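Okay, structure first, notes after.
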Amino acid sequence: MSIWILLIIVLAALAFLTHPSLNRKKTRRWQGQQFAHRGLHTPDRSVPENSAAAFRRAEAAGYGTELDVRLTADGQVVVFHDDTLDRLCDASGRVDDFTYRDLLSFSLCGTEERIPLFSDVLDILGRDTPVI
């Protein structure tokens, strides 16, 4: 009979610890947070989507940010939405067919911006910026 009491106590403890109301502090921190989709880029593409400049603008404005990641041919994690370079770069081909060094030679939307590493974007955003 004592094993049943112990089991009930363990289950009750698990239910108590996983109850949503105990996690309100975490939830409230992000509640009402606005997010910049692919960073805070501009319609004229002078600040391209998923660029370091777009993420700096989002962070400065207090936005969380949504971003996309891809792997390069050499296993680097970069921030880029599309499978291919065609829409945003002065090149064509699949992102994963190029090394990161290769990708650095392509500009984003004809600007000085380049495809950033995920780790560099996280450095720009800091620890307190929500990321999707």
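Chain labels run A, B, ... following the order of the structure tokens; each chain numbers its residues from 1, and ligands are numbered from 1 in the order shown.
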>> So that I can see what lies close to A:Glu113, please list as a ChimeraX atom specification the residues with an atom at most 8 Å from it, counting only C-alpha atoms and leaving out residues fewer than 2 positions away in the same chain.
In response: /A:48,51-53,107-108,111,115
Could you write those residues out with C-alpha atoms, as a PDB file, in the first residue's frame?
```pdb
ATOM      1  CA  PRO A  48      17.631  43.371 -46.851  1.00  0.00           C
ATOM      2  CA  SER A  51      20.731  40.684 -42.924  1.00  0.00           C
ATOM      3  CA  ALA A  52      22.870  41.802 -39.998  1.00  0.00           C
ATOM      4  CA  ALA A  53      21.539  45.346 -40.521  1.00  0.00           C
ATOM      5  CA  SER A 107      25.679  40.680 -51.834  1.00  0.00           C
ATOM      6  CA  LEU A 108      22.147  40.771 -50.482  1.00  0.00           C
ATOM      7  CA  THR A 111      23.862  46.215 -50.820  1.00  0.00           C
ATOM      8  CA  ILE A 115      24.507  36.350 -45.656  1.00  0.00           C
TER       9      ILE A 115
END
```
>> Applying 7 Å and only C-alpha atoms, which residues near stretch 57-60 of chain A remain after dropping the ones on its own chain fewer than 5 positions away? List them as a VMD selection string.
In response: chain A and resid 36 39 to 40 65 125
> If you count only C-alpha atoms, which residues fall within 9 Å of A:Asp97, apart from same-chain ones fewer than 5 positions away, as an MDAnalysis selection string?
Replying inline: chainID A and resid 72:74
Export, as an mmCIF file, in the first residue's frame, the selected residues with N, CA, C and O atoms.
```
data_model
loop_
_atom_site.group_PDB
_atom_site.id
_atom_site.type_symbol
_atom_site.label_atom_id
_atom_site.label_comp_id
_atom_site.auth_asym_id
_atom_site.auth_seq_id
_atom_site.Cartn_x
_atom_site.Cartn_y
_atom_site.Cartn_z
ATOM 1 N N THR A 72 25.357 25.369 -44.967
ATOM 2 C CA THR A 72 26.184 25.535 -46.154
ATOM 3 C C THR A 72 26.854 24.204 -46.494
ATOM 4 O O THR A 72 26.793 23.251 -45.711
ATOM 5 N N ALA A 73 27.527 24.160 -47.632
ATOM 6 C CA ALA A 73 28.212 22.937 -48.052
ATOM 7 C C ALA A 73 29.286 22.513 -47.049
ATOM 8 O O ALA A 73 29.569 21.327 -46.906
ATOM 9 N N ASP A 74 29.866 23.490 -46.323
ATOM 10 C CA ASP A 74 30.903 23.175 -45.348
ATOM 11 C C ASP A 74 30.362 23.082 -43.918
ATOM 12 O O ASP A 74 31.123 23.103 -42.952
#
```
> In chain A, what's strand (DSSP E) per DSSP? Answer as an NGL selection string?
Replying inline: :A and (35-37 or 64-66 or 69-71 or 77-79)
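Between atom CA of A:Cys89 and atom CA of A:Gly75 the interatomic distance comes to 20.1 Å.
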In chain A, what's helix (DSSP H, G or I) per DSSP? Answer as a compact mmCIF listing (two decimals) with all heavy atoms, in the first residue's frame?
```
# COMPACT_ATOMS: atom_id res chain seq x y z
N SER A 2 2.01 1.25 0.61
CA SER A 2 2.86 2.43 0.65
C SER A 2 3.42 2.79 -0.72
O SER A 2 3.70 3.94 -0.99
CB SER A 2 4.00 2.23 1.65
OG SER A 2 4.82 1.16 1.24
N ILE A 3 3.59 1.80 -1.61
CA ILE A 3 4.05 2.09 -2.98
C ILE A 3 3.01 2.91 -3.73
O ILE A 3 3.34 3.79 -4.51
CB ILE A 3 4.42 0.79 -3.74
CG1 ILE A 3 5.12 1.11 -5.07
CG2 ILE A 3 3.20 -0.03 -4.06
CD1 ILE A 3 6.54 1.45 -4.89
N TRP A 4 1.72 2.65 -3.46
CA TRP A 4 0.65 3.41 -4.11
C TRP A 4 0.63 4.85 -3.60
O TRP A 4 0.44 5.77 -4.39
CB TRP A 4 -0.71 2.74 -3.88
CG TRP A 4 -0.81 1.44 -4.64
CD1 TRP A 4 -0.81 0.18 -4.12
CD2 TRP A 4 -0.86 1.30 -6.06
NE1 TRP A 4 -0.88 -0.75 -5.11
CE2 TRP A 4 -0.91 -0.10 -6.33
CE3 TRP A 4 -0.89 2.18 -7.11
CZ2 TRP A 4 -0.98 -0.60 -7.61
CZ3 TRP A 4 -0.95 1.67 -8.40
CH2 TRP A 4 -0.99 0.30 -8.65
N ILE A 5 0.87 5.03 -2.35
CA ILE A 5 0.90 6.39 -1.78
C ILE A 5 2.09 7.15 -2.38
O ILE A 5 1.97 8.32 -2.76
CB ILE A 5 0.97 6.33 -0.24
CG1 ILE A 5 -0.34 5.77 0.30
CG2 ILE A 5 1.24 7.72 0.33
CD1 ILE A 5 -0.33 5.51 1.79
N LEU A 6 3.23 6.49 -2.47
CA LEU A 6 4.41 7.11 -3.05
C LEU A 6 4.16 7.47 -4.51
O LEU A 6 4.53 8.57 -4.96
CB LEU A 6 5.61 6.15 -2.93
CG LEU A 6 6.93 6.68 -3.45
CD1 LEU A 6 7.34 7.94 -2.71
CD2 LEU A 6 7.99 5.62 -3.33
N LEU A 7 3.52 6.57 -5.25
CA LEU A 7 3.21 6.84 -6.66
C LEU A 7 2.27 8.04 -6.78
O LEU A 7 2.47 8.91 -7.64
CB LEU A 7 2.59 5.59 -7.30
CG LEU A 7 2.24 5.71 -8.79
CD1 LEU A 7 3.49 6.00 -9.61
CD2 LEU A 7 1.59 4.44 -9.27
N ILE A 8 1.28 8.13 -5.94
CA ILE A 8 0.34 9.26 -5.97
C ILE A 8 1.08 10.57 -5.65
O ILE A 8 0.86 11.59 -6.29
CB ILE A 8 -0.84 9.02 -5.00
CG1 ILE A 8 -1.73 7.91 -5.57
CG2 ILE A 8 -1.64 10.29 -4.78
CD1 ILE A 8 -2.79 7.41 -4.62
N ILE A 9 1.97 10.53 -4.68
CA ILE A 9 2.74 11.72 -4.32
C ILE A 9 3.62 12.17 -5.49
O ILE A 9 3.68 13.36 -5.83
CB ILE A 9 3.58 11.47 -3.05
CG1 ILE A 9 2.65 11.33 -1.85
CG2 ILE A 9 4.59 12.58 -2.83
CD1 ILE A 9 3.35 10.85 -0.59
N VAL A 10 4.27 11.22 -6.15
CA VAL A 10 5.13 11.55 -7.30
C VAL A 10 4.31 12.14 -8.43
O VAL A 10 4.67 13.15 -9.03
CB VAL A 10 5.92 10.29 -7.76
CG1 VAL A 10 6.57 10.53 -9.11
CG2 VAL A 10 6.94 9.89 -6.72
N LEU A 11 3.17 11.53 -8.74
CA LEU A 11 2.30 12.04 -9.81
C LEU A 11 1.76 13.43 -9.47
O LEU A 11 1.69 14.31 -10.33
CB LEU A 11 1.17 11.06 -10.11
CG LEU A 11 1.59 9.75 -10.79
CD1 LEU A 11 0.40 8.82 -10.91
CD2 LEU A 11 2.22 10.03 -12.14
N ALA A 12 1.38 13.62 -8.23
CA ALA A 12 0.89 14.93 -7.80
C ALA A 12 2.00 15.98 -7.91
O ALA A 12 1.75 17.11 -8.36
CB ALA A 12 0.36 14.85 -6.37
N ALA A 13 3.21 15.62 -7.54
CA ALA A 13 4.34 16.55 -7.64
C ALA A 13 4.61 16.91 -9.10
O ALA A 13 4.84 18.07 -9.43
CB ALA A 13 5.59 15.94 -7.00
N LEU A 14 4.57 15.92 -10.00
CA LEU A 14 4.77 16.19 -11.42
C LEU A 14 3.69 17.10 -11.97
O LEU A 14 3.97 18.02 -12.73
CB LEU A 14 4.82 14.88 -12.21
CG LEU A 14 6.10 14.07 -12.09
CD1 LEU A 14 5.95 12.72 -12.79
CD2 LEU A 14 7.27 14.83 -12.67
N ALA A 15 2.45 16.84 -11.61
CA ALA A 15 1.34 17.69 -12.06
C ALA A 15 1.51 19.11 -11.55
O ALA A 15 1.31 20.08 -12.28
CB ALA A 15 0.01 17.10 -11.59
N PHE A 16 1.92 19.25 -10.32
CA PHE A 16 2.13 20.57 -9.72
C PHE A 16 3.27 21.32 -10.41
O PHE A 16 3.15 22.49 -10.75
CB PHE A 16 2.43 20.41 -8.22
CG PHE A 16 2.70 21.72 -7.53
CD1 PHE A 16 1.66 22.55 -7.18
CD2 PHE A 16 3.99 22.09 -7.22
CE1 PHE A 16 1.90 23.76 -6.54
CE2 PHE A 16 4.25 23.29 -6.59
CZ PHE A 16 3.20 24.13 -6.25
N LEU A 17 4.38 20.64 -10.66
CA LEU A 17 5.54 21.28 -11.26
C LEU A 17 5.35 21.65 -12.72
O LEU A 17 5.99 22.57 -13.23
CB LEU A 17 6.77 20.38 -11.11
CG LEU A 17 7.27 20.21 -9.68
CD1 LEU A 17 8.38 19.17 -9.63
CD2 LEU A 17 7.76 21.53 -9.12
N PRO A 20 0.80 25.12 -15.84
CA PRO A 20 1.15 26.36 -16.55
C PRO A 20 1.24 27.60 -15.66
O PRO A 20 2.03 28.47 -15.92
CB PRO A 20 0.02 26.53 -17.57
CG PRO A 20 -0.56 25.18 -17.73
CD PRO A 20 -0.35 24.46 -16.44
N SER A 21 0.43 27.68 -14.62
CA SER A 21 0.46 28.88 -13.80
C SER A 21 1.79 29.07 -13.10
O SER A 21 2.16 30.17 -12.72
CB SER A 21 -0.67 28.85 -12.77
OG SER A 21 -0.44 27.81 -11.83
N LEU A 22 2.57 28.01 -12.96
CA LEU A 22 3.89 28.13 -12.32
C LEU A 22 4.91 28.72 -13.28
O LEU A 22 5.96 29.18 -12.86
CB LEU A 22 4.37 26.76 -11.83
CG LEU A 22 3.52 26.14 -10.72
CD1 LEU A 22 4.04 24.75 -10.40
CD2 LEU A 22 3.54 27.02 -9.49
N ASN A 23 4.61 28.72 -14.57
CA ASN A 23 5.54 29.24 -15.57
C ASN A 23 5.15 30.63 -16.05
O ASN A 23 5.62 31.08 -17.08
CB ASN A 23 5.61 28.28 -16.76
CG ASN A 23 6.18 26.95 -16.38
OD1 ASN A 23 7.10 26.89 -15.56
ND2 ASN A 23 5.64 25.88 -16.93
N ARG A 24 4.30 31.33 -15.33
CA ARG A 24 3.82 32.64 -15.77
C ARG A 24 4.94 33.65 -15.94
O ARG A 24 4.90 34.49 -16.81
CB ARG A 24 2.78 33.19 -14.80
CG ARG A 24 1.45 32.56 -15.02
CD ARG A 24 0.39 33.28 -14.25
NE ARG A 24 -0.84 32.53 -14.42
CZ ARG A 24 -1.88 32.66 -13.66
NH1 ARG A 24 -1.87 33.52 -12.67
NH2 ARG A 24 -2.95 31.95 -13.87
N LYS A 25 5.95 33.59 -15.12
CA LYS A 25 7.05 34.54 -15.25
C LYS A 25 7.66 34.45 -16.64
O LYS A 25 7.88 35.45 -17.30
CB LYS A 25 8.09 34.29 -14.17
CG LYS A 25 9.16 35.35 -14.13
CD LYS A 25 10.08 35.14 -12.94
CE LYS A 25 11.09 36.25 -12.87
NZ LYS A 25 12.01 36.06 -11.76
N LYS A 26 7.93 33.26 -17.14
CA LYS A 26 8.47 33.07 -18.48
C LYS A 26 7.47 33.56 -19.53
O LYS A 26 7.83 34.24 -20.46
CB LYS A 26 8.77 31.60 -18.74
CG LYS A 26 10.06 31.12 -18.20
CD LYS A 26 10.27 29.68 -18.69
CE LYS A 26 11.49 29.07 -18.07
NZ LYS A 26 11.67 27.69 -18.50
N THR A 27 6.22 33.18 -19.38
CA THR A 27 5.19 33.52 -20.36
C THR A 27 4.99 35.03 -20.44
O THR A 27 4.93 35.60 -21.51
CB THR A 27 3.86 32.83 -20.01
OG1 THR A 27 4.10 31.44 -19.90
CG2 THR A 27 2.82 33.07 -21.07
N ARG A 28 4.93 35.68 -19.32
CA ARG A 28 4.68 37.12 -19.30
C ARG A 28 5.80 37.90 -19.97
O ARG A 28 5.56 38.93 -20.56
CB ARG A 28 4.53 37.60 -17.86
CG ARG A 28 3.22 37.24 -17.26
CD ARG A 28 3.09 37.86 -15.90
NE ARG A 28 1.85 37.41 -15.30
CZ ARG A 28 1.66 37.32 -14.01
NH1 ARG A 28 2.62 37.64 -13.17
NH2 ARG A 28 0.51 36.90 -13.54
N ARG A 29 7.00 37.43 -19.88
CA ARG A 29 8.12 38.14 -20.47
C ARG A 29 7.94 38.29 -21.98
O ARG A 29 8.36 39.28 -22.56
CB ARG A 29 9.42 37.38 -20.17
CG ARG A 29 10.63 38.12 -20.63
CD ARG A 29 11.88 37.39 -20.21
NE ARG A 29 12.74 37.36 -21.37
CZ ARG A 29 13.61 36.44 -21.64
NH1 ARG A 29 13.76 35.44 -20.83
NH2 ARG A 29 14.33 36.50 -22.72
N TRP A 30 7.32 37.33 -22.64
CA TRP A 30 7.16 37.37 -24.08
C TRP A 30 5.75 37.76 -24.49
O TRP A 30 5.50 38.02 -25.65
CB TRP A 30 7.50 36.01 -24.66
CG TRP A 30 8.92 35.61 -24.45
CD1 TRP A 30 9.67 35.81 -23.33
CD2 TRP A 30 9.75 34.94 -25.35
NE1 TRP A 30 10.91 35.29 -23.50
CE2 TRP A 30 10.99 34.74 -24.73
CE3 TRP A 30 9.56 34.46 -26.63
CZ2 TRP A 30 12.04 34.11 -25.36
CZ3 TRP A 30 10.62 33.82 -27.25
CH2 TRP A 30 11.85 33.66 -26.62
N ALA A 52 22.40 41.30 -41.30
CA ALA A 52 22.87 41.80 -40.00
C ALA A 52 22.24 43.16 -39.70
O ALA A 52 21.83 43.43 -38.57
CB ALA A 52 24.39 41.89 -39.98
N ALA A 53 22.14 44.02 -40.71
CA ALA A 53 21.54 45.35 -40.52
C ALA A 53 20.07 45.23 -40.09
O ALA A 53 19.61 45.98 -39.22
CB ALA A 53 21.66 46.17 -41.80
N ALA A 54 19.33 44.31 -40.68
CA ALA A 54 17.92 44.12 -40.33
C ALA A 54 17.79 43.63 -38.89
O ALA A 54 16.88 44.06 -38.16
CB ALA A 54 17.26 43.14 -41.29
N PHE A 55 18.69 42.78 -38.45
CA PHE A 55 18.63 42.29 -37.08
C PHE A 55 19.07 43.36 -36.08
O PHE A 55 18.52 43.45 -34.99
CB PHE A 55 19.44 41.00 -36.93
CG PHE A 55 18.86 39.87 -37.74
CD1 PHE A 55 19.61 39.25 -38.71
CD2 PHE A 55 17.54 39.45 -37.55
CE1 PHE A 55 19.07 38.22 -39.48
CE2 PHE A 55 16.99 38.43 -38.30
CZ PHE A 55 17.76 37.82 -39.28
N ARG A 56 20.04 44.19 -36.46
CA ARG A 56 20.43 45.32 -35.59
C ARG A 56 19.26 46.28 -35.42
O ARG A 56 18.99 46.78 -34.33
CB ARG A 56 21.64 46.05 -36.15
CG ARG A 56 22.97 45.36 -35.87
CD ARG A 56 24.15 46.26 -36.18
NE ARG A 56 24.30 46.50 -37.60
CZ ARG A 56 24.96 45.70 -38.44
NH1 ARG A 56 25.54 44.60 -38.00
NH2 ARG A 56 25.04 46.00 -39.72
N ARG A 57 18.54 46.57 -36.50
CA ARG A 57 17.39 47.47 -36.44
C ARG A 57 16.27 46.89 -35.56
O ARG A 57 15.65 47.61 -34.80
CB ARG A 57 16.84 47.75 -37.85
CG ARG A 57 17.78 48.59 -38.70
CD ARG A 57 17.20 48.90 -40.07
NE ARG A 57 16.14 49.89 -39.91
CZ ARG A 57 14.96 49.83 -40.53
NH1 ARG A 57 14.67 48.84 -41.35
NH2 ARG A 57 14.05 50.78 -40.34
N ALA A 58 16.02 45.59 -35.70
CA ALA A 58 14.99 44.94 -34.88
C ALA A 58 15.35 45.00 -33.41
O ALA A 58 14.51 45.33 -32.56
CB ALA A 58 14.80 43.49 -35.32
N GLU A 59 16.59 44.72 -33.09
CA GLU A 59 17.05 44.73 -31.70
C GLU A 59 16.96 46.15 -31.13
O GLU A 59 16.48 46.36 -30.02
CB GLU A 59 18.49 44.19 -31.62
CG GLU A 59 18.93 43.82 -30.23
CD GLU A 59 19.43 45.01 -29.44
OE1 GLU A 59 19.94 45.97 -30.03
OE2 GLU A 59 19.30 44.97 -28.20
N ALA A 60 17.38 47.15 -31.90
CA ALA A 60 17.35 48.54 -31.45
C ALA A 60 15.91 49.02 -31.21
O ALA A 60 15.66 49.83 -30.32
CB ALA A 60 18.04 49.45 -32.46
N VAL A 95 21.71 27.29 -51.62
CA VAL A 95 22.57 27.74 -50.52
C VAL A 95 23.50 26.61 -50.09
O VAL A 95 24.70 26.82 -49.88
CB VAL A 95 21.72 28.24 -49.32
CG1 VAL A 95 22.61 28.56 -48.13
CG2 VAL A 95 20.89 29.45 -49.72
N ASP A 96 22.96 25.41 -49.99
CA ASP A 96 23.77 24.28 -49.49
C ASP A 96 24.77 23.74 -50.51
O ASP A 96 25.52 22.82 -50.21
CB ASP A 96 22.89 23.17 -48.94
CG ASP A 96 21.88 22.61 -49.93
OD1 ASP A 96 21.91 22.98 -51.11
OD2 ASP A 96 21.06 21.80 -49.51
N ASP A 97 24.83 24.34 -51.70
CA ASP A 97 25.86 23.97 -52.68
C ASP A 97 27.12 24.82 -52.53
O ASP A 97 28.12 24.56 -53.19
CB ASP A 97 25.33 24.13 -54.11
CG ASP A 97 24.36 23.03 -54.50
OD1 ASP A 97 24.37 21.96 -53.84
OD2 ASP A 97 23.58 23.24 -55.45
N TYR A 100 30.56 28.65 -46.86
CA TYR A 100 30.30 29.98 -46.31
C TYR A 100 31.22 31.02 -46.96
O TYR A 100 30.78 32.12 -47.27
CB TYR A 100 30.47 29.98 -44.78
CG TYR A 100 30.21 31.34 -44.20
CD1 TYR A 100 28.95 31.92 -44.31
CD2 TYR A 100 31.22 32.06 -43.57
CE1 TYR A 100 28.69 33.19 -43.81
CE2 TYR A 100 30.97 33.31 -43.06
CZ TYR A 100 29.71 33.88 -43.19
OH TYR A 100 29.46 35.13 -42.70
N ARG A 101 32.44 30.66 -47.19
CA ARG A 101 33.38 31.58 -47.84
C ARG A 101 32.85 31.99 -49.22
O ARG A 101 32.96 33.16 -49.61
CB ARG A 101 34.75 30.93 -47.95
CG ARG A 101 35.81 31.85 -48.46
CD ARG A 101 37.16 31.17 -48.47
NE ARG A 101 38.16 32.19 -48.59
CZ ARG A 101 39.34 32.13 -48.04
NH1 ARG A 101 39.67 31.08 -47.31
NH2 ARG A 101 40.20 33.08 -48.21
N ASP A 102 32.30 31.03 -49.98
CA ASP A 102 31.71 31.34 -51.28
C ASP A 102 30.55 32.34 -51.11
O ASP A 102 30.44 33.30 -51.88
CB ASP A 102 31.15 30.09 -51.96
CG ASP A 102 32.20 29.08 -52.35
OD1 ASP A 102 33.38 29.44 -52.54
OD2 ASP A 102 31.83 27.88 -52.44
N LEU A 103 29.70 32.09 -50.13
CA LEU A 103 28.52 32.94 -49.93
C LEU A 103 28.90 34.37 -49.60
O LEU A 103 28.16 35.31 -49.93
CB LEU A 103 27.63 32.36 -48.83
CG LEU A 103 26.94 31.04 -49.15
CD1 LEU A 103 26.18 30.54 -47.94
CD2 LEU A 103 26.02 31.18 -50.35
N PHE A 118 24.58 32.33 -38.31
CA PHE A 118 23.60 32.31 -37.23
C PHE A 118 24.22 32.78 -35.92
O PHE A 118 23.63 33.57 -35.19
CB PHE A 118 23.03 30.90 -37.10
CG PHE A 118 21.98 30.73 -36.04
CD1 PHE A 118 20.88 31.57 -35.98
CD2 PHE A 118 22.08 29.72 -35.10
CE1 PHE A 118 19.90 31.41 -35.01
CE2 PHE A 118 21.11 29.55 -34.14
CZ PHE A 118 20.02 30.39 -34.09
N SER A 119 25.43 32.36 -35.64
CA SER A 119 26.10 32.76 -34.39
C SER A 119 26.32 34.27 -34.35
O SER A 119 26.18 34.89 -33.28
CB SER A 119 27.44 32.03 -34.24
OG SER A 119 28.29 32.30 -35.32
N ASP A 120 26.61 34.90 -35.48
CA ASP A 120 26.78 36.35 -35.51
C ASP A 120 25.46 37.07 -35.26
O ASP A 120 25.41 38.10 -34.59
CB ASP A 120 27.37 36.80 -36.85
CG ASP A 120 28.81 36.34 -37.03
OD1 ASP A 120 29.48 36.02 -36.02
OD2 ASP A 120 29.26 36.30 -38.19
N VAL A 121 24.37 36.53 -35.81
CA VAL A 121 23.05 37.13 -35.57
C VAL A 121 22.67 37.02 -34.10
O VAL A 121 22.17 37.98 -33.51
CB VAL A 121 21.98 36.46 -36.47
CG1 VAL A 121 20.58 36.91 -36.08
CG2 VAL A 121 22.26 36.78 -37.93
N LEU A 122 22.95 35.89 -33.48
CA LEU A 122 22.67 35.74 -32.05
C LEU A 122 23.48 36.73 -31.23
O LEU A 122 22.97 37.28 -30.24
CB LEU A 122 22.94 34.31 -31.59
CG LEU A 122 21.99 33.25 -32.14
CD1 LEU A 122 22.39 31.87 -31.64
CD2 LEU A 122 20.54 33.56 -31.78
N ASP A 123 24.70 37.02 -31.65
CA ASP A 123 25.50 38.04 -30.96
C ASP A 123 24.87 39.42 -31.10
O ASP A 123 24.87 40.21 -30.15
CB ASP A 123 26.93 38.07 -31.51
CG ASP A 123 27.76 36.88 -31.09
OD1 ASP A 123 27.39 36.18 -30.11
OD2 ASP A 123 28.79 36.63 -31.75
N ILE A 124 24.34 39.72 -32.27
CA ILE A 124 23.68 41.02 -32.50
C ILE A 124 22.44 41.15 -31.62
O ILE A 124 22.21 42.18 -31.01
CB ILE A 124 23.28 41.17 -33.99
CG1 ILE A 124 24.52 41.32 -34.86
CG2 ILE A 124 22.32 42.33 -34.20
CD1 ILE A 124 24.26 41.19 -36.35
N LEU A 125 21.65 40.09 -31.55
CA LEU A 125 20.38 40.14 -30.82
C LEU A 125 20.55 40.11 -29.32
O LEU A 125 19.71 40.63 -28.59
CB LEU A 125 19.48 39.00 -31.28
CG LEU A 125 19.09 39.03 -32.76
CD1 LEU A 125 18.28 37.80 -33.11
CD2 LEU A 125 18.33 40.30 -33.09
```
> Which value, in Å to one decimal, gives the distance between atom CA of A:Pro130 and atom CA of A:Gly62?
Replying inline: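 If I compute the distance from atom CA of A:Pro130 to atom CA of A:Gly62, I get 9.9 Å.
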> Given the choices A:Gly126, A:Phe80, A:Tyr63, A:Leu71, which gets closest to A:Thr99 if the distance is worked out from only C-alpha atoms?
Replying inline: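 Distance minimum relative to A:Thr99 lands on A:Leu71.
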